[in-house]
>>> print(open('input_1.cif').read())   # mmCIF, C-alpha atoms
data_model
#
loop_
_atom_site.label_atom_id
_atom_site.label_comp_id
_atom_site.auth_asym_id
_atom_site.auth_seq_id
_atom_site.Cartn_x
_atom_site.Cartn_y
_atom_site.Cartn_z
CA MET S 1 104.00 111.67 105.53
CA LYS S 2 102.54 108.30 106.33
CA LEU S 3 103.74 105.30 104.39
CA ARG S 4 101.21 104.62 101.71
CA ARG S 5 99.94 101.09 102.02
CA ASP S 6 99.33 98.54 99.30
CA VAL S 7 95.73 98.88 98.08
CA PHE S 8 95.60 95.21 97.13
CA GLN S 9 96.68 94.18 100.60
CA ALA S 10 93.94 96.40 101.98
CA ILE S 11 91.19 94.68 100.05
CA ALA S 12 92.64 91.18 100.55
CA ASP S 13 91.24 91.12 104.11
CA PRO S 14 87.64 89.85 104.40
CA THR S 15 86.73 92.24 107.26
CA ARG S 16 87.96 95.21 105.26
CA ARG S 17 86.04 94.02 102.21
CA THR S 18 82.87 93.90 104.35
CA ILE S 19 83.55 97.43 105.61
CA ILE S 20 83.95 98.61 102.00
CA SER S 21 80.63 97.05 101.01
CA LEU S 22 78.89 98.54 104.07
CA VAL S 23 80.00 102.12 103.44
CA ALA S 24 79.44 101.68 99.71
CA LEU S 25 75.71 101.82 100.51
CA GLN S 26 75.86 104.86 102.81
CA ALA S 27 78.29 106.99 104.80
CA MET S 28 78.68 105.54 108.32
CA THR S 29 80.15 106.48 111.69
CA PRO S 30 82.85 104.15 113.11
CA THR S 31 80.34 103.05 115.79
CA ALA S 32 77.75 102.10 113.19
CA ILE S 33 80.38 100.17 111.21
CA ALA S 34 81.60 98.33 114.34
CA GLU S 35 78.04 97.24 115.21
CA ASN S 36 78.15 94.91 112.20
CA PHE S 37 81.02 92.90 113.63
CA ASP S 38 81.77 90.78 116.67
CA TYR S 39 85.27 92.24 116.86
CA SER S 40 86.28 94.91 119.32
CA ARG S 41 85.77 98.54 118.38
CA GLN S 42 89.56 98.89 118.44
CA THR S 43 90.04 96.15 115.82
CA ILE S 44 87.49 97.77 113.52
CA SER S 45 89.12 101.19 114.04
CA LYS S 46 92.41 99.70 112.91
CA HIS S 47 90.80 98.34 109.73
CA ILE S 48 89.14 101.71 109.05
CA GLN S 49 92.48 103.42 109.56
CA ILE S 50 94.18 101.13 107.01
CA LEU S 51 91.41 101.73 104.48
CA THR S 52 91.70 105.48 105.03
CA GLU S 53 95.48 105.40 104.61
CA CYS S 54 94.97 103.58 101.31
CA GLU S 55 92.52 106.30 100.37
CA ILE S 56 89.76 103.78 99.81
CA LEU S 57 87.71 105.48 102.54
CA GLU S 58 87.47 109.18 103.24
CA GLN S 59 86.26 111.04 106.32
CA GLU S 60 83.60 113.65 106.48
CA GLN S 61 82.81 115.65 109.60
CA LYS S 62 79.06 116.10 110.14
CA GLY S 63 78.42 118.02 113.34
CA ARG S 64 80.17 116.16 116.14
CA GLU S 65 80.35 112.88 114.25
CA ILE S 66 82.89 111.61 111.75
CA TYR S 67 81.39 109.70 108.85
CA TYR S 68 83.28 107.37 106.56
CA GLN S 69 82.43 106.98 102.92
CA LEU S 70 83.97 105.49 99.81
CA ASN S 71 86.57 107.55 98.04
CA PRO S 72 85.66 107.10 94.37
CA ASN S 73 89.27 107.78 93.32
CA GLY S 74 90.58 105.05 95.62
CA MET S 75 88.24 102.51 94.10
CA LYS S 76 89.27 103.63 90.65
CA GLU S 77 92.84 102.81 91.55
CA ILE S 78 91.83 99.23 92.34
CA ALA S 79 90.25 98.94 88.89
CA GLU S 80 93.46 100.32 87.43
CA PHE S 81 95.46 97.50 89.00
CA ILE S 82 93.70 95.15 86.63
CA GLU S 83 94.11 97.41 83.60
CA PRO S 84 97.84 96.67 82.95
CA PHE S 85 97.05 92.95 83.24
CA ARG S 86 94.16 93.31 80.80
CA LYS S 87 96.33 95.36 78.46
CA LEU S 88 99.03 92.66 78.52
CA TRP S 89 96.53 90.02 77.40
CA ASP S 90 94.92 92.35 74.89
CA ASP S 91 98.33 92.91 73.26
CA ARG S 92 99.03 89.16 73.21
CA PHE S 93 95.66 88.38 71.66
CA ASN S 94 96.11 91.12 69.05
CA LYS S 95 99.40 89.50 68.13
CA LEU S 96 97.73 86.08 67.94
CA GLU S 97 95.04 87.50 65.68
CA SER S 98 97.52 89.12 63.29
CA VAL S 99 99.76 86.01 63.14
CA MET S 100 96.79 83.76 62.32
CA LYS S 101 95.34 86.21 59.82
CA LYS S 102 98.61 86.31 57.94
CA TYR S 103 98.59 82.52 57.84
CA GLN S 104 94.94 82.50 56.74
CA SER S 105 95.61 84.81 53.80
CA LYS S 106 98.59 82.71 52.65
CA LYS S 107 96.52 79.55 52.47
CA MET Z 1 83.65 101.43 73.17
CA GLU Z 2 83.43 97.86 74.29
CA GLN Z 3 86.75 96.22 74.98
CA LYS Z 4 87.70 93.13 73.03
CA THR Z 5 89.54 91.58 75.94
CA ASN Z 6 87.85 91.35 79.31
CA VAL Z 7 89.31 90.35 82.65
CA ILE Z 8 87.16 89.33 85.58
CA ALA Z 9 88.97 88.96 88.90
CA GLU Z 10 86.48 88.84 91.73
CA ASP Z 11 87.61 89.87 95.20
CA GLY Z 12 88.78 87.02 97.38
CA LYS Z 13 88.65 84.38 94.63
CA GLN Z 14 91.70 82.43 93.47
CA GLU Z 15 90.82 82.57 89.79
CA ILE Z 16 90.81 84.94 86.86
CA LEU Z 17 88.53 84.76 83.85
CA ILE Z 18 89.80 86.27 80.60
CA THR Z 19 87.50 86.46 77.57
CA ARG Z 20 88.17 87.64 74.05
CA GLU Z 21 86.40 87.60 70.73
CA PHE Z 22 88.54 86.96 67.65
CA ASP Z 23 88.10 87.84 64.06
CA LEU Z 24 89.21 84.28 63.24
CA PRO Z 25 87.47 80.97 62.57
CA VAL Z 26 87.53 78.81 65.71
CA GLU Z 27 89.79 76.26 63.93
CA LEU Z 28 92.49 78.90 63.47
CA LEU Z 29 92.17 80.13 67.04
CA TYR Z 30 92.61 76.57 68.26
CA LYS Z 31 95.62 76.09 65.95
CA ALA Z 32 97.28 79.13 67.57
CA TYR Z 33 97.34 77.18 70.86
CA THR Z 34 98.22 73.74 69.55
CA GLU Z 35 100.93 74.20 66.92
CA PRO Z 36 104.44 75.12 68.11
CA ASP Z 37 105.17 77.35 65.08
CA PHE Z 38 102.24 79.60 65.89
CA ILE Z 39 102.89 79.58 69.64
CA GLU Z 40 106.45 80.79 68.98
CA GLN Z 41 105.19 83.58 66.76
CA TRP Z 42 102.43 85.07 68.88
CA MET Z 43 103.82 84.38 72.34
CA GLY Z 44 107.35 85.43 71.39
CA THR Z 45 108.76 82.35 73.06
CA LYS Z 46 110.91 79.40 72.06
CA VAL Z 47 109.10 76.06 72.17
CA LEU Z 48 111.57 73.49 73.53
CA LYS Z 49 109.08 70.68 73.81
CA PHE Z 50 105.47 70.34 72.74
CA ASP Z 51 103.92 66.93 73.09
CA PHE Z 52 100.29 67.83 72.55
CA GLN Z 53 98.37 64.78 73.70
CA LYS Z 54 96.52 63.73 76.82
CA HIS Z 55 99.12 63.65 79.64
CA GLY Z 56 101.74 65.06 77.27
CA SER Z 57 103.85 68.02 78.34
CA TYR Z 58 105.34 71.20 76.98
CA GLN Z 59 108.28 73.46 77.72
CA PHE Z 60 108.87 77.04 76.60
CA SER Z 61 111.82 79.36 77.06
CA THR Z 62 111.75 83.14 76.77
CA THR Z 63 114.58 85.64 76.91
CA ASP Z 64 113.75 88.75 78.93
CA PRO Z 65 115.01 92.26 77.98
CA LYS Z 66 118.06 91.74 80.24
CA GLY Z 67 119.00 88.54 78.41
CA ASN Z 68 117.93 86.14 81.17
CA GLN Z 69 116.36 82.85 80.17
CA ILE Z 70 112.96 82.23 81.71
CA GLY Z 71 111.51 78.74 81.50
CA PHE Z 72 107.85 77.74 81.48
CA ASN Z 73 106.37 74.29 81.50
CA GLY Z 74 103.18 72.38 81.98
CA THR Z 75 101.16 69.27 81.29
CA ILE Z 76 98.24 68.76 78.94
CA HIS Z 77 95.52 67.32 81.12
CA ASP Z 78 92.86 66.92 78.44
CA PHE Z 79 91.56 68.46 75.22
CA THR Z 80 88.70 68.37 72.72
CA THR Z 81 89.73 69.57 69.26
CA ASN Z 82 88.46 73.08 68.47
CA GLN Z 83 86.60 73.20 71.79
CA LYS Z 84 88.67 72.82 74.91
CA ILE Z 85 92.16 72.55 76.38
CA ILE Z 86 92.91 71.88 80.05
CA ARG Z 87 96.55 72.26 81.01
CA THR Z 88 98.84 73.32 83.83
CA PHE Z 89 101.29 76.19 83.54
CA GLU Z 90 104.26 77.04 85.70
CA MET Z 91 107.02 79.61 85.54
CA GLU Z 92 110.25 77.87 86.54
CA ASN Z 93 112.31 79.04 89.56
CA MET Z 94 109.75 81.69 90.46
CA PRO Z 95 107.56 81.86 93.55
CA PHE Z 96 104.37 82.29 91.52
CA GLY Z 97 103.09 78.75 91.91
CA VAL Z 98 101.51 76.42 89.39
CA GLN Z 99 98.25 77.34 87.72
CA LEU Z 100 95.45 75.32 86.14
CA GLU Z 101 94.26 76.74 82.83
CA ILE Z 102 90.98 75.89 81.17
CA TYR Z 103 90.58 77.21 77.63
CA GLU Z 104 87.18 77.08 75.98
CA PHE Z 105 86.98 77.80 72.27
CA GLU Z 106 83.63 78.77 70.87
CA LYS Z 107 82.54 79.25 67.26
CA LEU Z 108 80.51 82.45 66.88
CA THR Z 109 80.19 82.63 63.09
CA GLU Z 110 82.14 81.02 60.22
CA SER Z 111 84.80 83.72 60.59
CA THR Z 112 84.63 84.72 64.27
CA SER Z 113 85.21 82.93 67.54
CA LYS Z 114 85.45 83.43 71.27
CA LEU Z 115 87.99 82.33 73.84
CA LYS Z 116 87.24 81.83 77.52
CA GLN Z 117 90.41 81.39 79.53
CA GLN Z 118 89.90 80.44 83.16
CA VAL Z 119 93.04 80.46 85.29
CA ILE Z 120 92.97 78.93 88.76
CA TYR Z 121 95.82 79.72 91.15
CA GLN Z 122 97.03 77.94 94.29
CA SER Z 123 95.64 80.63 96.57
CA VAL Z 124 94.05 84.09 96.58
CA ASN Z 125 97.51 85.51 97.35
CA HIS Z 126 99.06 83.76 94.35
CA ARG Z 127 96.32 85.13 92.15
CA ASP Z 128 96.63 88.69 93.41
CA HIS Z 129 100.39 88.52 93.03
CA ASN Z 130 100.13 87.36 89.41
CA LEU Z 131 97.47 89.94 88.69
CA LYS Z 132 99.67 92.71 90.05
CA LEU Z 133 102.84 91.73 88.13
CA PRO Z 134 102.15 93.82 84.99
CA PHE Z 135 101.12 96.75 87.20
CA LYS Z 136 104.32 96.50 89.24
CA GLN Z 137 106.41 96.17 86.07
CA GLY Z 138 104.74 99.29 84.73
CA ILE Z 139 105.59 101.14 87.94
CA ASN Z 140 109.19 99.88 87.82
CA TRP Z 141 109.64 100.93 84.21
CA ALA Z 142 108.21 104.35 84.95
CA HIS Z 143 110.50 104.57 87.97
CA ASN Z 144 113.57 103.51 85.97
CA ARG Z 145 112.76 106.02 83.26
CA LEU Z 146 112.40 108.72 85.89
CA GLU Z 147 115.77 107.77 87.36
CA GLU Z 148 117.37 107.88 83.92
CA ILE Z 149 115.96 111.35 83.32
CA LEU Z 150 117.19 112.53 86.72
CA GLN Z 151 120.64 111.05 86.08
CA ASN Z 152 120.84 112.78 82.72
CA LEU Z 153 119.89 116.06 84.36
CA ASN Z 154 122.69 115.62 86.90
CA ALA Z 155 125.27 114.57 84.32
#
>>> encode(input="input_1.cif", output="structure tokens")
Amino acid sequence: MKLRRDVFQAIADPTRRTIISLVALQAMTPTAIAENFDYSRQTISKHIQILTECEILEQEQKGREIYYQLNPNGMKEIAEFIEPFRKLWDDRFNKLESVMKKYQSKK
Amino acid sequence: MEQKTNVIAEDGKQEILITREFDLPVELLYKAYTEPDFIEQWMGTKVLKFDFQKHGSYQFSTTDPKGNQIGFNGTIHDFTTNQKIIRTFEMENMPFGVQLEIYEFEKLTESTSKLKQQVIYQSVNHRDHNLKLPFKQGINWAHNRLEEILQNLNA
């Protein structure tokens, strides 16, 4: 089994973010993706590989070509990174609200 | 259902925007951030110092579940009563960096208000690291619980 990479690290790179936004619009072959960059095909392949390992991209074989598209579950995981952070603040604010309400009713 | 607390963390930016609507008059919401008694109650922290004035500073101390003392401190840069607080915030002896916090308090009705909390970090990496902390803690807790269960099974 391949070591699962850090999803956040994957999307921290600007080239990889561009790749994500490209394939978000339509499924693309590695060649079509590479045409959008000045980097070597090899560099872009490496980025695609990282995104695939993180399960942000998924492959689909169409005839002789491999197409890459967004894996909706992978993107969901990124949203879920924020959820515990949001929950932490939600809990704090709920506490704030109840503390101040108690004070308000005592006045 | 719409969430009361919203977090916006755009890709590649070194800031986070947290918004929340409160069932509290704006004066009370502002009090929760400017009076040590209230800060201690809702943040669950000890207030060691709280000199709330322009260029004044504050110092908190929290005890974590393991009994370690964690210190926090910062400086009040500026404020407008019931409207705005600009301050810095730093966790002591931790590699998380200092952050600039801009709090905007807004009156919605006589009994409701809104808070906009903008947090600016030293870098995109610092932001992402801070953003991931609760997630990582969650994973660690789950992992520890799993280990406990496994240990109990083996015992």
>>> closest_atom_pairs(input="input_1.cif", of="chain S", to="chain Z", cutoff="9 Å", atoms="only C-alpha atoms", output="Markdown table")
| residue | atom | partner | partner_atom | distance |
| --- | --- | --- | --- | --- |
| S:Phe8 | CA | Z:Asp128 | CA | 7.6 |
| S:Ile11 | CA | Z:Asp11 | CA | 7.7 |
| S:Ala12 | CA | Z:Gly12 | CA | 6.5 |
| S:Asp13 | CA | Z:Gly12 | CA | 8.3 |
| S:Pro14 | CA | Z:Gly12 | CA | 7.7 |
| S:Arg17 | CA | Z:Asp11 | CA | 8.3 |
| S:Glu80 | CA | Z:Phe135 | CA | 8.5 |
| S:Phe81 | CA | Z:Phe135 | CA | 6.0 |
| S:Ile82 | CA | Z:Leu131 | CA | 6.8 |
| S:Glu83 | CA | Z:Phe135 | CA | 7.9 |
| S:Pro84 | CA | Z:Phe135 | CA | 5.4 |
| S:Phe85 | CA | Z:Pro134 | CA | 5.5 |
| S:Arg86 | CA | Z:Val7 | CA | 6.0 |
| S:Lys87 | CA | Z:Thr5 | CA | 8.2 |
| S:Leu88 | CA | Z:Pro134 | CA | 7.3 |
| S:Trp89 | CA | Z:Thr5 | CA | 7.3 |
| S:Asp90 | CA | Z:Thr5 | CA | 5.5 |
| S:Arg92 | CA | Z:Met43 | CA | 6.8 |
| S:Phe93 | CA | Z:Arg20 | CA | 7.9 |
| S:Asn94 | CA | Z:Phe22 | CA | 8.8 |
| S:Lys95 | CA | Z:Trp42 | CA | 5.4 |
| S:Leu96 | CA | Z:Trp42 | CA | 4.9 |
| S:Glu97 | CA | Z:Phe22 | CA | 6.8 |
| S:Ser98 | CA | Z:Trp42 | CA | 8.5 |
| S:Val99 | CA | Z:Trp42 | CA | 6.4 |
| S:Met100 | CA | Z:Leu28 | CA | 6.6 |
| S:Lys101 | CA | Z:Leu24 | CA | 7.3 |
| S:Gln104 | CA | Z:Leu28 | CA | 8.0 |
>>> atom_distance(input="input_1.cif", atom1="atom CA of Ser40 of chain S", atom2="atom CA of Thr15 of chain S")
12.4 Å
>>> atom_distance(input="input_1.cif", atom1="atom CA of Ile20 of chain S", atom2="atom CA of Gln14 of chain Z")
19.9 Å
>>> resolve_selection(input="input_1.cif", expression="the PyMOL selection byres ((chain S and resi 47) around 12)", output="PyMOL selection string")
chain S and resi 9-20+30+33-34+37+39-46+48-54+56-57
>>> resolve_selection(input="input_1.cif", expression="the PyMOL selection byres ((chain Z and resi 72) around 8)", output="JSON, numbers by chain")
{"Z": [59, 60, 61, 70, 71, 73, 74, 89, 90, 91, 92]}
>>> atom_distance(input="input_1.cif", atom1="atom CA of Phe52 of chain Z", atom2="atom CA of Lys116 of chain Z")
19.8 Å
>>> residues_around(input="input_1.cif", residues="Glu101 of chain Z", least_positions_apart="5", cutoff="6 Å", atoms="all atoms listed in the file", output="CSV table (one decimal) with C-alpha atoms, in the frame of the given file")
chain,number,residue,atom,x,y,z
Z,86,ILE,CA,92.9,71.9,80.0
Z,87,ARG,CA,96.6,72.3,81.0
Z,88,THR,CA,98.8,73.3,83.8
Z,118,GLN,CA,89.9,80.4,83.2
Z,119,VAL,CA,93.0,80.5,85.3
>>> resolve_selection(input="input_1.cif", expression="the PyMOL selection byres ((chain S and resi 28) around 12)", output="compact mmCIF listing (two decimals) with C-alpha atoms, in the frame of the given file")
# COMPACT_ATOMS: atom_id res chain seq x y z
CA ILE S 19 83.55 97.43 105.61
CA ILE S 20 83.95 98.61 102.00
CA SER S 21 80.63 97.05 101.01
CA LEU S 22 78.89 98.54 104.07
CA VAL S 23 80.00 102.12 103.44
CA ALA S 24 79.44 101.68 99.71
CA LEU S 25 75.71 101.82 100.51
CA GLN S 26 75.86 104.86 102.81
CA ALA S 27 78.29 106.99 104.80
CA THR S 29 80.15 106.48 111.69
CA PRO S 30 82.85 104.15 113.11
CA THR S 31 80.34 103.05 115.79
CA ALA S 32 77.75 102.10 113.19
CA ILE S 33 80.38 100.17 111.21
CA ALA S 34 81.60 98.33 114.34
CA GLU S 35 78.04 97.24 115.21
CA ASN S 36 78.15 94.91 112.20
CA ILE S 48 89.14 101.71 109.05
CA LEU S 57 87.71 105.48 102.54
CA GLU S 58 87.47 109.18 103.24
CA GLN S 59 86.26 111.04 106.32
CA GLU S 60 83.60 113.65 106.48
CA GLN S 61 82.81 115.65 109.60
CA LYS S 62 79.06 116.10 110.14
CA GLU S 65 80.35 112.88 114.25
CA ILE S 66 82.89 111.61 111.75
CA TYR S 67 81.39 109.70 108.85
CA TYR S 68 83.28 107.37 106.56
CA GLN S 69 82.43 106.98 102.92
CA LEU S 70 83.97 105.49 99.81
>>> axis_aligned_box(input="input_1.cif", around="segment 30-35 of chain S", padding_each_side="6 Å", output="lines of an AutoDock Vina configuration file")
center_x = 80.3
center_y = 100.7
center_z = 113.5
size_x = 17.1
size_y = 18.9
size_z = 16.6
>>> build_atoms(input="input_1.cif", residues="segment 103-117 of chain Z", atoms="N, CA and C atoms", output="short mmCIF file (atom, residue, chain, number, x, y, z; two decimals), in the coordinates of the input")
data_model
loop_
_atom_site.label_atom_id
_atom_site.label_comp_id
_atom_site.auth_asym_id
_atom_site.auth_seq_id
_atom_site.Cartn_x
_atom_site.Cartn_y
_atom_site.Cartn_z
N TYR Z 103 90.88 76.40 78.82
CA TYR Z 103 90.58 77.21 77.63
C TYR Z 103 89.34 76.64 76.96
N GLU Z 104 88.35 77.51 76.74
CA GLU Z 104 87.18 77.08 75.98
C GLU Z 104 87.09 77.89 74.71
N PHE Z 105 87.05 77.17 73.58
CA PHE Z 105 86.98 77.80 72.27
C PHE Z 105 85.56 77.67 71.75
N GLU Z 106 85.02 78.80 71.30
CA GLU Z 106 83.63 78.77 70.87
C GLU Z 106 83.50 79.41 69.49
N LYS Z 107 82.79 78.70 68.60
CA LYS Z 107 82.54 79.25 67.26
C LYS Z 107 81.38 80.24 67.36
N LEU Z 108 81.60 81.46 66.88
CA LEU Z 108 80.51 82.45 66.88
C LEU Z 108 79.85 82.46 65.50
N THR Z 109 80.66 82.74 64.47
CA THR Z 109 80.19 82.63 63.09
C THR Z 109 81.26 81.85 62.33
N GLU Z 110 81.14 81.73 61.01
CA GLU Z 110 82.14 81.02 60.22
C GLU Z 110 83.52 81.67 60.36
N SER Z 111 83.52 83.00 60.59
CA SER Z 111 84.80 83.72 60.59
C SER Z 111 85.14 84.38 61.93
N THR Z 112 84.32 84.14 62.96
CA THR Z 112 84.63 84.72 64.27
C THR Z 112 84.50 83.66 65.36
N SER Z 113 85.21 83.91 66.45
CA SER Z 113 85.21 82.93 67.54
C SER Z 113 85.46 83.63 68.88
N LYS Z 114 85.28 82.87 69.94
CA LYS Z 114 85.45 83.43 71.27
C LYS Z 114 86.30 82.50 72.13
N LEU Z 115 87.16 83.10 72.91
CA LEU Z 115 87.99 82.33 73.84
C LEU Z 115 87.63 82.68 75.27
N LYS Z 116 87.43 81.64 76.08
CA LYS Z 116 87.24 81.83 77.52
C LYS Z 116 88.42 81.16 78.20
N GLN Z 117 89.22 81.93 78.89
CA GLN Z 117 90.41 81.39 79.53
C GLN Z 117 90.26 81.55 81.04
#
